[in-house]
file data-v3.pdb (PDB, C-alpha atoms)
ATOM      1  CA  MET A  30       9.418  14.247   9.006
ATOM      2  CA  SER A  31       7.529  16.769  10.995
ATOM      3  CA  LEU A  32       5.671  17.371  14.174
ATOM      4  CA  SER A  33       2.109  18.627  14.273
ATOM      5  CA  SER A  34       1.831  21.825  12.247
ATOM      6  CA  LEU A  35       5.629  22.217  12.246
ATOM      7  CA  ARG A  36       6.766  21.033   8.824
ATOM      8  CA  LEU A  37      10.368  20.065   9.405
ATOM      9  CA  GLY A  38      10.837  18.726   5.876
ATOM     10  CA  CYS A  39      13.218  15.850   6.614
ATOM     11  CA  GLY A  40      12.568  13.601   3.591
ATOM     12  CA  LEU A  41      13.689   9.999   3.909
ATOM     13  CA  VAL A  42      14.982   8.578   0.641
ATOM     14  CA  ILE A  43      14.695   5.078   2.047
ATOM     15  CA  THR A  44      12.137   2.489   1.076
ATOM     16  CA  THR A  45      11.344  -1.116   1.866
ATOM     17  CA  ALA A  46      10.257  -4.094  -0.117
ATOM     18  CA  ARG A  47       7.175  -4.207   2.049
ATOM     19  CA  THR A  48       6.263  -0.718   0.890
ATOM     20  CA  MET A  49       6.426  -1.746  -2.742
ATOM     21  CA  THR A  50       4.440  -4.956  -2.267
ATOM     22  CA  ARG A  51       1.731  -3.904   0.130
ATOM     23  CA  ARG A  52      -1.144  -4.243  -2.309
ATOM     24  CA  LYS A  53      -0.574  -7.996  -2.492
ATOM     25  CA  LYS A  54       1.080  -8.851   0.780
ATOM     26  CA  THR A  55      -0.444  -6.949   3.670
ATOM     27  CA  SER A  56       2.352  -6.309   6.106
ATOM     28  CA  SER A  57       2.987  -4.551   9.384
ATOM     29  CA  THR A  58       2.869  -1.173   7.768
ATOM     30  CA  VAL A  59       3.106   0.750  10.977
ATOM     31  CA  SER A  60       6.375  -0.894  11.933
ATOM     32  CA  LYS A  61       8.297  -0.517   8.671
ATOM     33  CA  LEU A  62      10.332   2.313   7.255
ATOM     34  CA  GLU A  63       8.154   4.703   5.327
ATOM     35  CA  ALA A  64       9.290   5.998   1.956
ATOM     36  CA  LYS A  65       9.736   9.375   0.431
ATOM     37  CA  PRO A  66      11.370   8.564  -2.914
ATOM     38  CA  SER A  67      13.209  11.251  -4.816
ATOM     39  CA  ALA A  68      15.182  11.621  -7.979
ATOM     40  CA  LYS A  69      18.387  11.429  -5.982
ATOM     41  CA  LYS A  70      19.530   7.868  -5.467
ATOM     42  CA  VAL A  71      20.648   7.142  -1.952
ATOM     43  CA  SER A  72      21.830   3.807  -0.625
ATOM     44  CA  THR A  73      20.079   2.460   2.429
ATOM     45  CA  LYS A  74      23.516   1.565   3.763
ATOM     46  CA  LYS A  75      23.901   5.194   4.780
ATOM     47  CA  ALA A  76      20.668   5.286   6.767
ATOM     48  CA  SER A  77      20.778   6.371  10.389
ATOM     49  CA  ALA A  78      21.109   3.333  12.618
ATOM     50  CA  LYS A  79      21.149   2.222  16.210
ATOM     51  CA  LYS A  80      22.679  -0.714  18.026
ATOM     52  CA  SER A  81      20.576  -3.847  17.979
ATOM     53  CA  SER A  82      20.464  -6.399  20.767
ATOM     54  CA  ASN A  83      22.988  -8.595  18.991
ATOM     55  CA  GLY A  84      25.518  -5.815  18.638
ATOM     56  CA  GLY A  85      24.760  -5.119  14.984
ATOM     57  CA  LEU A  86      23.115  -2.095  13.455
ATOM     58  CA  GLU A  87      19.479  -1.701  12.559
ATOM     59  CA  PRO A  88      17.699   1.340  11.121
ATOM     60  CA  ILE A  89      15.766   3.684  13.352
ATOM     61  CA  ARG A  90      12.148   3.237  12.352
ATOM     62  CA  PRO A  91      10.181   6.426  11.610
ATOM     63  CA  VAL A  92       7.231   5.340  13.752
ATOM     64  CA  GLU A  93       9.549   5.053  16.759
ATOM     65  CA  PHE A  94      10.916   8.513  15.951
ATOM     66  CA  GLU A  95       7.341   9.742  15.675
ATOM     67  CA  GLY A  96       6.703   8.542  19.223
ATOM     68  CA  THR A  97       9.806  10.380  20.395
ATOM     69  CA  LEU A  98       8.597  13.608  18.780
ATOM     70  CA  VAL A  99       5.244  13.299  20.523
ATOM     71  CA  SER A 100       6.868  12.686  23.899
ATOM     72  CA  VAL A 101       9.164  15.695  23.480
ATOM     73  CA  PHE A 102       6.731  18.222  22.015
ATOM     74  CA  GLY A 103       3.471  16.900  23.446
ATOM     75  CA  ALA A 104       1.577  16.970  20.127
ATOM     76  CA  GLY A 105      -2.045  16.016  20.442
ATOM     77  CA  ARG A 106      -2.352  17.239  24.051
ATOM     78  CA  GLY A 107      -3.453  20.792  23.571
ATOM     79  CA  LYS A 108      -0.342  21.775  21.590
ATOM     80  CA  GLY A 109       0.194  22.259  17.898
ATOM     81  CA  ARG A 110      -2.735  22.260  15.479
ATOM     82  CA  SER A 111      -6.319  21.812  16.560
ATOM     83  CA  THR A 112      -8.059  18.497  15.916
ATOM     84  CA  GLY A 113     -11.640  17.392  15.675
ATOM     85  CA  THR A 114     -11.699  16.184  19.285
ATOM     86  CA  LYS A 115     -12.680  18.024  22.458
ATOM     87  CA  PRO A 116      -9.951  18.737  25.060
ATOM     88  CA  SER A 117     -10.891  15.748  27.228
ATOM     89  CA  GLN A 118     -11.084  13.491  24.178
ATOM     90  CA  LYS A 119      -7.748  14.857  22.993
ATOM     91  CA  ASP A 120      -6.114  13.899  26.286
ATOM     92  CA  ALA A 121      -7.632  10.413  26.049
ATOM     93  CA  LEU A 122      -6.410  10.019  22.469
ATOM     94  CA  TYR A 123      -2.933  11.171  23.486
ATOM     95  CA  ASP A 124      -2.805   8.538  26.245
ATOM     96  CA  ALA A 125      -4.106   5.854  23.892
ATOM     97  CA  GLN A 126      -1.508   6.742  21.269
ATOM     98  CA  GLN A 127       1.276   6.366  23.833
ATOM     99  CA  LEU A 128       0.222   2.743  24.274
ATOM    100  CA  ILE A 129       0.285   2.328  20.506
ATOM    101  CA  TYR A 130       3.867   3.584  20.315
ATOM    102  CA  GLN A 131       4.745   0.922  22.888
ATOM    103  CA  ALA A 132       2.993  -1.631  20.707
ATOM    104  CA  PHE A 133       4.959  -0.519  17.654
ATOM    105  CA  GLU A 134       8.194  -1.215  19.508
ATOM    106  CA  SER A 135       7.097  -4.667  20.681
ATOM    107  CA  ARG A 136       8.008  -7.787  18.687
ATOM    108  CA  ASP A 137       5.429  -9.838  20.582
ATOM    109  CA  PRO A 138       2.165 -10.087  18.560
ATOM    110  CA  GLY A 139       0.170 -10.875  21.690
ATOM    111  CA  ARG A 140       1.538  -7.844  23.465
ATOM    112  CA  ARG A 141       0.770  -5.629  20.475
ATOM    113  CA  THR A 142      -2.830  -6.840  20.440
ATOM    114  CA  GLU A 143      -3.191  -6.361  24.185
ATOM    115  CA  LEU A 144      -1.921  -2.791  23.998
ATOM    116  CA  ALA A 145      -4.209  -2.037  21.043
ATOM    117  CA  LYS A 146      -7.243  -3.173  23.026
ATOM    118  CA  GLN A 147      -6.155  -1.088  25.999
ATOM    119  CA  ALA A 148      -5.772   1.931  23.713
ATOM    120  CA  LEU A 149      -9.306   1.545  22.357
ATOM    121  CA  ALA A 150     -10.659   1.268  25.878
ATOM    122  CA  ILE A 151      -9.142   4.698  26.529
ATOM    123  CA  SER A 152     -10.127   6.281  23.206
ATOM    124  CA  PRO A 153     -12.310   4.824  20.422
ATOM    125  CA  ASP A 154     -10.738   7.405  18.090
ATOM    126  CA  CYS A 155      -7.337   5.670  18.111
ATOM    127  CA  ALA A 156      -6.995   4.627  14.469
ATOM    128  CA  ASP A 157      -3.668   2.830  14.894
ATOM    129  CA  ALA A 158      -5.235   0.488  17.464
ATOM    130  CA  TYR A 159      -7.705  -0.826  14.892
ATOM    131  CA  VAL A 160      -4.867  -1.242  12.383
ATOM    132  CA  LEU A 161      -2.938  -3.390  14.848
ATOM    133  CA  LEU A 162      -6.012  -5.508  15.590
ATOM    134  CA  ALA A 163      -6.563  -5.972  11.853
ATOM    135  CA  GLU A 164      -3.001  -7.236  11.468
ATOM    136  CA  ALA A 165      -3.638  -9.816  14.187
ATOM    137  CA  THR A 166      -6.433 -11.618  12.338
ATOM    138  CA  ARG A 167      -6.178 -14.010   9.413
ATOM    139  CA  ASP A 168      -9.799 -13.418   8.422
ATOM    140  CA  LEU A 169      -9.828 -11.009   5.472
ATOM    141  CA  ALA A 170     -13.413  -9.831   6.013
ATOM    142  CA  GLU A 171     -12.756  -9.150   9.693
ATOM    143  CA  ALA A 172      -9.507  -7.353   8.910
ATOM    144  CA  THR A 173     -11.229  -5.205   6.282
ATOM    145  CA  GLU A 174     -13.947  -4.200   8.741
ATOM    146  CA  LEU A 175     -11.362  -3.310  11.379
ATOM    147  CA  ASN A 176      -9.499  -1.200   8.846
ATOM    148  CA  ARG A 177     -12.722   0.611   7.954
ATOM    149  CA  LYS A 178     -13.214   1.364  11.636
ATOM    150  CA  ALA A 179      -9.625   2.624  11.730
ATOM    151  CA  VAL A 180     -10.311   5.093   8.926
ATOM    152  CA  GLU A 181     -13.518   6.248  10.608
ATOM    153  CA  ALA A 182     -11.654   6.724  13.881
ATOM    154  CA  GLY A 183      -8.994   8.737  12.107
ATOM    155  CA  GLU A 184     -11.631  10.941  10.512
ATOM    156  CA  ARG A 185     -13.257  11.591  13.888
ATOM    157  CA  ALA A 186      -9.936  12.421  15.495
ATOM    158  CA  LEU A 187      -8.968  14.902  12.766
ATOM    159  CA  GLY A 188     -12.356  16.485  12.240
ATOM    160  CA  ALA A 189     -13.909  17.694   8.988
ATOM    161  CA  LYS A 190     -11.918  20.949   8.979
ATOM    162  CA  ALA A 191      -8.612  19.094   8.532
ATOM    163  CA  PHE A 192      -9.852  17.654   5.238
ATOM    164  CA  ILE A 193     -10.307  21.182   3.963
ATOM    165  CA  ASP A 194      -7.455  23.143   5.511
ATOM    166  CA  ASP A 195      -4.725  20.509   5.398
ATOM    167  CA  ILE A 196      -5.117  19.080   1.887
ATOM    168  CA  GLY A 197      -1.662  18.749   0.390
ATOM    169  CA  HIS A 198       0.054  18.495   3.769
ATOM    170  CA  PHE A 199      -1.180  15.201   5.177
ATOM    171  CA  TRP A 200       1.613  13.129   6.714
ATOM    172  CA  GLY A 201       3.582  16.339   7.116
ATOM    173  CA  ILE A 202       1.233  16.999  10.043
ATOM    174  CA  LEU A 203       1.860  14.437  12.750
ATOM    175  CA  GLU A 204      -1.760  13.971  13.781
ATOM    176  CA  THR A 205      -2.712  12.848  10.265
ATOM    177  CA  ARG A 206      -0.373   9.869  10.225
ATOM    178  CA  PRO A 207      -2.594   7.333  12.016
ATOM    179  CA  TYR A 208      -5.349   8.159   9.531
ATOM    180  CA  MET A 209      -2.999   7.754   6.570
ATOM    181  CA  ARG A 210      -1.735   4.416   7.905
ATOM    182  CA  ALA A 211      -5.333   3.286   8.376
ATOM    183  CA  ARG A 212      -6.376   4.282   4.881
ATOM    184  CA  LEU A 213      -3.395   2.491   3.359
ATOM    185  CA  THR A 214      -4.174  -0.762   5.131
ATOM    186  CA  LEU A 215      -7.856  -0.490   4.179
ATOM    187  CA  ALA A 216      -6.890  -0.083   0.517
ATOM    188  CA  GLN A 217      -4.654  -3.135   0.789
ATOM    189  CA  ARG A 218      -7.450  -5.251   2.208
ATOM    190  CA  LEU A 219      -9.884  -4.067  -0.442
ATOM    191  CA  TRP A 220      -7.437  -4.993  -3.190
ATOM    192  CA  GLU A 221      -6.967  -8.430  -1.687
ATOM    193  CA  SER A 222     -10.753  -8.799  -1.569
ATOM    194  CA  GLY A 223     -11.017  -8.121  -5.296
ATOM    195  CA  LYS A 224     -12.526  -4.668  -4.810
ATOM    196  CA  HIS A 225      -9.981  -3.121  -7.112
ATOM    197  CA  ASP A 226     -11.771   0.078  -8.074
ATOM    198  CA  GLU A 227     -12.466   0.928  -4.449
ATOM    199  CA  ALA A 228      -8.845   0.269  -3.495
ATOM    200  CA  ILE A 229      -7.590   2.433  -6.358
ATOM    201  CA  GLY A 230      -9.939   5.189  -5.237
ATOM    202  CA  HIS A 231      -8.389   5.203  -1.781
ATOM    203  CA  TYR A 232      -4.849   5.313  -3.185
ATOM    204  CA  ARG A 233      -5.782   8.253  -5.407
ATOM    205  CA  GLU A 234      -7.346  10.133  -2.515
ATOM    206  CA  MET A 235      -4.250   9.577  -0.378
ATOM    207  CA  LEU A 236      -2.114  11.151  -3.083
ATOM    208  CA  ARG A 237      -4.514  14.086  -3.269
ATOM    209  CA  LEU A 238      -4.212  14.609   0.487
ATOM    210  CA  ASN A 239      -0.442  14.136   0.424
ATOM    211  CA  PRO A 240       1.042  14.651  -3.059
ATOM    212  CA  GLY A 241       4.513  14.581  -1.508
ATOM    213  CA  ASP A 242       3.821  10.852  -1.055
ATOM    214  CA  ASN A 243       5.996   9.960   1.930
ATOM    215  CA  GLN A 244       4.416   6.501   2.002
ATOM    216  CA  GLY A 245       5.256   5.517  -1.581
ATOM    217  CA  ILE A 246       1.583   5.232  -2.519
ATOM    218  CA  ARG A 247       2.267   6.107  -6.148
ATOM    219  CA  TYR A 248       4.219   2.884  -6.686
ATOM    220  CA  ILE A 249       1.408   0.765  -5.299
ATOM    221  CA  LEU A 250      -1.163   2.658  -7.350
ATOM    222  CA  ALA A 251       0.836   2.358 -10.572
ATOM    223  CA  ALA A 252       1.176  -1.401 -10.134
ATOM    224  CA  CYS A 253      -2.559  -1.708  -9.462
ATOM    225  CA  LEU A 254      -3.420   0.343 -12.541
ATOM    226  CA  LEU A 255      -1.174  -1.802 -14.712
ATOM    227  CA  ASP A 256      -2.727  -4.970 -13.337
ATOM    228  CA  VAL A 257      -6.203  -3.822 -14.353
ATOM    229  CA  ARG A 258      -4.809  -2.513 -17.656
ATOM    230  CA  ARG A 259      -5.592   1.134 -17.030
ATOM    231  CA  ASP A 260      -2.460   2.120 -18.915
ATOM    232  CA  ASP A 261      -3.463   5.715 -19.650
ATOM    233  CA  ASP A 262      -4.081   6.321 -15.952
ATOM    234  CA  ALA A 263      -0.741   4.721 -15.076
ATOM    235  CA  ALA A 264       1.045   6.861 -17.677
ATOM    236  CA  ALA A 265      -0.622   9.996 -16.280
ATOM    237  CA  LEU A 266       0.526   9.064 -12.770
ATOM    238  CA  ILE A 267       4.080   8.590 -14.005
ATOM    239  CA  GLU A 268       3.927  11.984 -15.688
ATOM    240  CA  GLN A 269       2.614  13.531 -12.461
ATOM    241  CA  TYR A 270       5.828  12.401 -10.744
ATOM    242  CA  ASN A 271       8.081  12.837 -13.754
ATOM    243  CA  ASP A 272      11.138  13.735 -11.672
ATOM    244  CA  ASP A 273      11.104  10.268 -10.105
ATOM    245  CA  ALA A 274      14.204   8.322 -11.105
ATOM    246  CA  SER A 275      13.158   4.996  -9.562
ATOM    247  CA  ALA A 276      13.428   1.667 -11.352
ATOM    248  CA  ALA A 277       9.711   1.133 -10.785
ATOM    249  CA  TRP A 278       8.896   4.178 -12.917
ATOM    250  CA  ALA A 279      11.420   3.192 -15.603
ATOM    251  CA  TYR A 280      10.190  -0.383 -16.031
ATOM    252  CA  ALA A 281       6.529   0.642 -15.812
ATOM    253  CA  SER A 282       7.120   3.151 -18.613
ATOM    254  CA  ALA A 283       8.752   0.483 -20.763
ATOM    255  CA  LEU A 284       5.863  -1.920 -20.184
ATOM    256  CA  ILE A 285       3.284   0.711 -21.107
ATOM    257  CA  ALA A 286       5.195   1.516 -24.300
ATOM    258  CA  PHE A 287       5.319  -2.176 -25.227
ATOM    259  CA  ARG A 288       1.592  -2.583 -24.597
ATOM    260  CA  ARG A 289       0.866   0.387 -26.822
ATOM    261  CA  GLY A 290       3.209  -0.344 -29.703
ATOM    262  CA  GLY A 291       4.902  -3.697 -29.270
ATOM    263  CA  ASP A 292       8.614  -3.857 -30.125
ATOM    264  CA  SER A 293       8.754  -0.180 -31.049
ATOM    265  CA  GLU A 294      11.719   2.167 -30.956
ATOM    266  CA  ASP A 295      10.111   4.006 -28.050
ATOM    267  CA  ALA A 296       9.686   0.782 -26.089
ATOM    268  CA  ARG A 297      13.270  -0.306 -26.748
ATOM    269  CA  LEU A 298      14.660   3.075 -25.686
ATOM    270  CA  LEU A 299      12.640   3.071 -22.482
ATOM    271  CA  LEU A 300      13.690  -0.481 -21.687
ATOM    272  CA  ALA A 301      17.341   0.399 -22.254
ATOM    273  CA  GLU A 302      16.963   3.309 -19.851
ATOM    274  CA  ALA A 303      15.248   1.047 -17.317
ATOM    275  CA  LYS A 304      18.118  -1.421 -17.481
ATOM    276  CA  LYS A 305      20.548   1.395 -16.749
ATOM    277  CA  THR A 306      18.451   2.363 -13.748
ATOM    278  CA  ASN A 307      18.527  -1.204 -12.386
ATOM    279  CA  PRO A 308      20.049  -4.054 -14.435
ATOM    280  CA  HIS A 309      19.037  -6.659 -11.842
ATOM    281  CA  VAL A 310      15.339  -6.608 -12.748
ATOM    282  CA  PRO A 311      15.225  -8.569 -16.072
ATOM    283  CA  PRO A 312      16.740 -11.816 -14.701
ATOM    284  CA  PHE A 313      13.894 -12.033 -12.183
ATOM    285  CA  LEU A 314      11.193 -11.069 -14.685
ATOM    286  CA  ILE A 315      12.273 -13.672 -17.254
ATOM    287  CA  GLY A 316      12.780 -16.400 -14.658
ATOM    288  CA  LYS A 317      16.546 -16.618 -14.937
ATOM    289  CA  LYS A 318      16.733 -15.896 -11.220
ATOM    290  CA  LYS A 319      14.238 -17.149  -8.668
ATOM    291  CA  MET A 320      12.489 -14.779  -6.351
ATOM    292  CA  PRO A 321      13.424 -15.321  -2.695
ATOM    293  CA  LYS A 322      10.825 -16.686  -0.299
ATOM    294  CA  ARG A 323      11.288 -13.685   1.953
ATOM    295  CA  LEU A 324      11.359 -10.190   0.564
ATOM    296  CA  PRO A 325      14.142  -7.890   1.808
ATOM    297  CA  ASP A 326      13.247  -5.515   4.629
ATOM    298  CA  MET A 327      15.179  -2.661   3.016
ATOM    299  CA  ILE A 328      16.219  -1.817  -0.506
ATOM    300  CA  GLY A 329      18.932   0.294  -2.058
ATOM    301  CA  PHE A 330      18.290   2.090  -5.310
ATOM    302  CA  GLY A 331      19.814   0.252  -8.260
ATOM    303  CA  ASP A 332      20.681  -2.955  -6.434
ATOM    304  CA  GLU A 333      19.217  -6.462  -6.393
ATOM    305  CA  SER A 334      17.002  -5.819  -3.401
ATOM    306  CA  GLU A 335      15.190  -3.081  -5.340
ATOM    307  CA  ALA A 336      14.783  -5.488  -8.256
ATOM    308  CA  ILE A 337      13.210  -8.115  -6.007
ATOM    309  CA  ALA A 338      10.803  -5.586  -4.543
ATOM    310  CA  LEU A 339       9.895  -4.253  -7.973
ATOM    311  CA  VAL A 340       9.201  -7.695  -9.464
ATOM    312  CA  GLY A 341       7.174  -8.635  -6.402
ATOM    313  CA  ASP A 342       4.802  -5.793  -7.191
ATOM    314  CA  TYR A 343       5.018  -5.305 -10.961
ATOM    315  CA  GLY A 344       5.805  -8.854 -12.063
ATOM    316  CA  SER A 345       2.175  -9.771 -12.686
ATOM    317  CA  GLY A 346       1.799  -6.817 -15.042
ATOM    318  CA  TRP A 347       4.655  -8.137 -17.165
ATOM    319  CA  ALA A 348       3.561 -11.770 -16.925
ATOM    320  CA  ASN A 349      -0.010 -10.958 -17.959
ATOM    321  CA  THR A 350       1.028  -8.903 -20.980
ATOM    322  CA  GLU A 351       1.197 -11.127 -24.043
ATOM    323  CA  GLY A 352       4.714 -11.229 -25.475
ATOM    324  CA  ALA A 353       6.212  -8.871 -22.869
ATOM    325  CA  VAL A 354       8.464 -11.390 -21.110
ATOM    326  CA  ALA A 355       9.634 -12.865 -24.434
ATOM    327  CA  TRP A 356      10.388  -9.367 -25.685
ATOM    328  CA  LEU A 357      12.330  -8.580 -22.546
ATOM    329  CA  ARG A 358      14.300 -11.806 -22.938
ATOM    330  CA  SER A 359      15.226 -10.874 -26.519
ATOM    331  CA  GLN A 360      16.601  -7.422 -25.660
TER     332      GLN A 360
END

call {"tool": "encode", "arguments": {"input": "data-v3.pdb", "output": "C-alpha cells"}}
result
Amino acid sequence: MSLSSLRLGCGLVITTARTMTRRKKTSSTVSKLEAKPSAKKVSTKKASAKKSSNGGLEPIRPVEFEGTLVSVFGAGRGKGRSTGTKPSQKDALYDAQQLIYQAFESRDPGRRTELAKQALAISPDCADAYVLLAEATRDLAEATELNRKAVEAGERALGAKAFIDDIGHFWGILETRPYMRARLTLAQRLWESGKHDEAIGHYREMLRLNPGDNQGIRYILAACLLDVRRDDDAAALIEQYNDDASAAWAYASALIAFRRGGDSEDARLLLAEAKKTNPHVPPFLIGKKKMPKRLPDMIGFGDESEAIALVGDYGSGWANTEGAVAWLRSQ
C-alpha cells in the first residue's frame, strides 16, 4: 500500500470471496480486504491480524490501515500530491473522509449511513460517502445513481490533471482510492442492471488507470467477458497478466480452450494444469458438492475457499457452455 505520492509498494497477496464475486453480489467493498494477486501463492492464514472482541484473531482491513496512514501523514490536507480541490475544499474533504473512516470501522448500518450523510454535508466531493449510501439502499436504480454521483465526486476531488499525470499509478496514490472504490461499485450496479457493455468498459478503464490491479478487477472482468462470450477478449486479458498463477486464470483458460476446440489436447492439458492449481473446483462445478449459502470472507490459494469463490463468479460461464460440465465430469 502507499500514501499519497509515496509509493510504498506493499503488495497484499490476500483476496476475498467478495472480491471475486462482486459483479453478481454487490458487497461492502470498502470494508473488505482488497486484493493484489501475484504468481506467488500465499496462504491467508499468515495474514497480519489483530485481536477481535471475542479474543480470536481477525485480519487488519486495508481501509482501516488507510485511515491510519492519513491520520499519521495528513494526506489530503495540504501534504503530498496536489488534487483538483482548492485549499479550503481540501480541508473540508479531509474532515469528511475522517468521518468515512469511522463509518468503515462501524458494524452498525444506521451509523454508517449517518456518518456518510454528515460527510457529504461537509464536502460534496466525498466519493466514499455516496458509496456507503448506495450500499444502504435495496433499490438498484437508486444505488446506481448514487454510485454515479460517487464517481463524479471522485473526479472532482482528483481533478483532470490526475487522469493525465497519474495513469498507471491509481490506487498506489492514496487520494485515488475513493474514486477507484466508487468506480468499482458503479460497474457492479451496471452489470446487475443488465448494462453489461458499460460495466465492462468501466472495468477496462480501471485496469488502464491501475494495471497493477490491487483490487482484483481482472478476475471480475474475465468472468464478465466469459459470460457474454467475448472469449478472444478474455484470452487477451489472461495473456496481459500471464504471470498470474491463480486458479481463476487456469480454469478460465481451460474453458476458453474447450469452447474453441471441444475435447482437444490443448483443452485437456489446460484442465489438468487447472486441477493442479486447485483440485477443489471441479466437485463444485459438476454439482458433486453444494455451494455454501454464505461465501467465505477470505480465501487461501489452492484451498476449498478459493474454489467456492471461483465457482461463485465463473460457474455461470461453465454452466452456459454446452457440454462443458459433462466434459469436466469425464476428465

call {"tool": "axis_aligned_box", "arguments": {"input": "data-v3.pdb", "around": "stretch 198-207 of chain A", "padding_each_side": "3 Å", "output": "JSON"}}
result
{"center_x": 0.4, "center_y": 12.9, "center_z": 8.8, "size_x": 12.3, "size_y": 17.2, "size_z": 16.0}

call {"tool": "closest_atom_pairs", "arguments": {"input": "data-v3.pdb", "of": "stretch 158-277 of chain A", "to": "stretch 118-138 of chain A", "cutoff": "12 Å", "atoms": "only C-alpha atoms", "output": "tab-separated table"}}
result
residue	atom	partner	partner_atom	distance
A:Ala158	CA	A:Ile129	CA	6.6
A:Tyr159	CA	A:Ile129	CA	10.3
A:Val160	CA	A:Ile129	CA	10.3
A:Leu161	CA	A:Ala132	CA	8.5
A:Leu162	CA	A:Pro138	CA	9.8
A:Ala163	CA	A:Pro138	CA	11.8
A:Glu164	CA	A:Pro138	CA	9.2
A:Ala165	CA	A:Pro138	CA	7.3
A:Thr166	CA	A:Pro138	CA	10.7
A:Ala182	CA	A:Leu122	CA	10.6
A:Gly183	CA	A:Leu122	CA	10.8
A:Arg185	CA	A:Gln118	CA	10.7
A:Ala186	CA	A:Leu122	CA	8.2
A:Leu187	CA	A:Lys119	CA	10.3
A:Gly188	CA	A:Lys119	CA	11.8
A:Leu203	CA	A:Gln126	CA	12.0
A:Glu204	CA	A:Tyr123	CA	10.2
A:Arg206	CA	A:Gln126	CA	11.5
A:Pro207	CA	A:Gln126	CA	9.3

call {"tool": "atom_distance", "arguments": {"input": "data-v3.pdb", "atom1": "atom CA of A:Trp220", "atom2": "atom CA of A:Thr173"}}
result
10.2 Å

call {"tool": "resolve_selection", "arguments": {"input": "data-v3.pdb", "expression": "the PyMOL selection byres ((chain A and resi 236) around 12)", "output": "PDB file with C-alpha atoms, in the frame of the given file"}}
result
ATOM      1  CA  ILE A 196      -5.117  19.080   1.887  1.00  0.00           C
ATOM      2  CA  GLY A 197      -1.662  18.749   0.390  1.00  0.00           C
ATOM      3  CA  HIS A 198       0.054  18.495   3.769  1.00  0.00           C
ATOM      4  CA  PHE A 199      -1.180  15.201   5.177  1.00  0.00           C
ATOM      5  CA  TRP A 200       1.613  13.129   6.714  1.00  0.00           C
ATOM      6  CA  MET A 209      -2.999   7.754   6.570  1.00  0.00           C
ATOM      7  CA  ARG A 212      -6.376   4.282   4.881  1.00  0.00           C
ATOM      8  CA  LEU A 213      -3.395   2.491   3.359  1.00  0.00           C
ATOM      9  CA  ILE A 229      -7.590   2.433  -6.358  1.00  0.00           C
ATOM     10  CA  GLY A 230      -9.939   5.189  -5.237  1.00  0.00           C
ATOM     11  CA  HIS A 231      -8.389   5.203  -1.781  1.00  0.00           C
ATOM     12  CA  TYR A 232      -4.849   5.313  -3.185  1.00  0.00           C
ATOM     13  CA  ARG A 233      -5.782   8.253  -5.407  1.00  0.00           C
ATOM     14  CA  GLU A 234      -7.346  10.133  -2.515  1.00  0.00           C
ATOM     15  CA  MET A 235      -4.250   9.577  -0.378  1.00  0.00           C
ATOM     16  CA  ARG A 237      -4.514  14.086  -3.269  1.00  0.00           C
ATOM     17  CA  LEU A 238      -4.212  14.609   0.487  1.00  0.00           C
ATOM     18  CA  ASN A 239      -0.442  14.136   0.424  1.00  0.00           C
ATOM     19  CA  PRO A 240       1.042  14.651  -3.059  1.00  0.00           C
ATOM     20  CA  GLY A 241       4.513  14.581  -1.508  1.00  0.00           C
ATOM     21  CA  ASP A 242       3.821  10.852  -1.055  1.00  0.00           C
ATOM     22  CA  ASN A 243       5.996   9.960   1.930  1.00  0.00           C
ATOM     23  CA  GLN A 244       4.416   6.501   2.002  1.00  0.00           C
ATOM     24  CA  GLY A 245       5.256   5.517  -1.581  1.00  0.00           C
ATOM     25  CA  ILE A 246       1.583   5.232  -2.519  1.00  0.00           C
ATOM     26  CA  ARG A 247       2.267   6.107  -6.148  1.00  0.00           C
ATOM     27  CA  TYR A 248       4.219   2.884  -6.686  1.00  0.00           C
ATOM     28  CA  ILE A 249       1.408   0.765  -5.299  1.00  0.00           C
ATOM     29  CA  LEU A 250      -1.163   2.658  -7.350  1.00  0.00           C
ATOM     30  CA  ALA A 251       0.836   2.358 -10.572  1.00  0.00           C
ATOM     31  CA  LEU A 266       0.526   9.064 -12.770  1.00  0.00           C
ATOM     32  CA  GLN A 269       2.614  13.531 -12.461  1.00  0.00           C
ATOM     33  CA  TYR A 270       5.828  12.401 -10.744  1.00  0.00           C
TER      34      TYR A 270
END

call {"tool": "atom_distance", "arguments": {"input": "data-v3.pdb", "atom1": "atom CA of A:Gly331", "atom2": "atom CA of A:Asn307"}}
result
4.6 Å

call {"tool": "atom_distance", "arguments": {"input": "data-v3.pdb", "atom1": "atom CA of A:Glu302", "atom2": "atom CA of A:Ala338"}}
result
18.7 Å

call {"tool": "residues_around", "arguments": {"input": "data-v3.pdb", "residues": "A:Ala286", "least_positions_apart": "3", "cutoff": "7 Å", "atoms": "only C-alpha atoms", "output": "JSON list (two decimals) with C-alpha atoms, in the frame of the given file"}}
result
[["chain", "number", "residue", "atom", "x", "y", "z"],
["A", 282, "SER", "CA", 7.12, 3.15, -18.61],
["A", 283, "ALA", "CA", 8.75, 0.48, -20.76],
["A", 289, "ARG", "CA", 0.87, 0.39, -26.82],
["A", 290, "GLY", "CA", 3.21, -0.34, -29.70],
["A", 295, "ASP", "CA", 10.11, 4.01, -28.05],
["A", 296, "ALA", "CA", 9.69, 0.78, -26.09]]

call {"tool": "closest_residue", "arguments": {"input": "data-v3.pdb", "among": "A:Ala191, A:Ala301, A:Met327, A:Val340", "to": "A:Leu357", "atoms": "only C-alpha atoms"}}
result
A:Ala301

call {"tool": "residues_around", "arguments": {"input": "data-v3.pdb", "residues": "stretch 279-281 of chain A", "least_positions_apart": "3", "cutoff": "6 Å", "atoms": "only C-alpha atoms", "output": "PyMOL selection string"}}
result
chain A and resi 276+284+303

call {"tool": "closest_residue", "arguments": {"input": "data-v3.pdb", "among": "A:Gln360, A:Ala172, A:Lys305, A:Thr350", "to": "A:Ser293", "atoms": "all atoms listed in the file"}}
result
A:Gln360

call {"tool": "closest_residue", "arguments": {"input": "data-v3.pdb", "among": "A:Leu215, A:Leu169, A:Ala263, A:Ala353", "to": "A:Ala156", "atoms": "all atoms listed in the file"}}
result
A:Leu215

call {"tool": "resolve_selection", "arguments": {"input": "data-v3.pdb", "expression": "the PyMOL selection byres ((chain A and resi 344) around 10)", "output": "VMD selection string"}}
result
chain A and resid 252 256 310 313 to 315 337 to 343 345 to 349 354

call {"tool": "residues_around", "arguments": {"input": "data-v3.pdb", "residues": "A:Gly291", "least_positions_apart": "6", "cutoff": "10 Å", "atoms": "only C-alpha atoms", "output": "number ranges by chain"}}
result
A: 284-285, 297, 351-353, 356
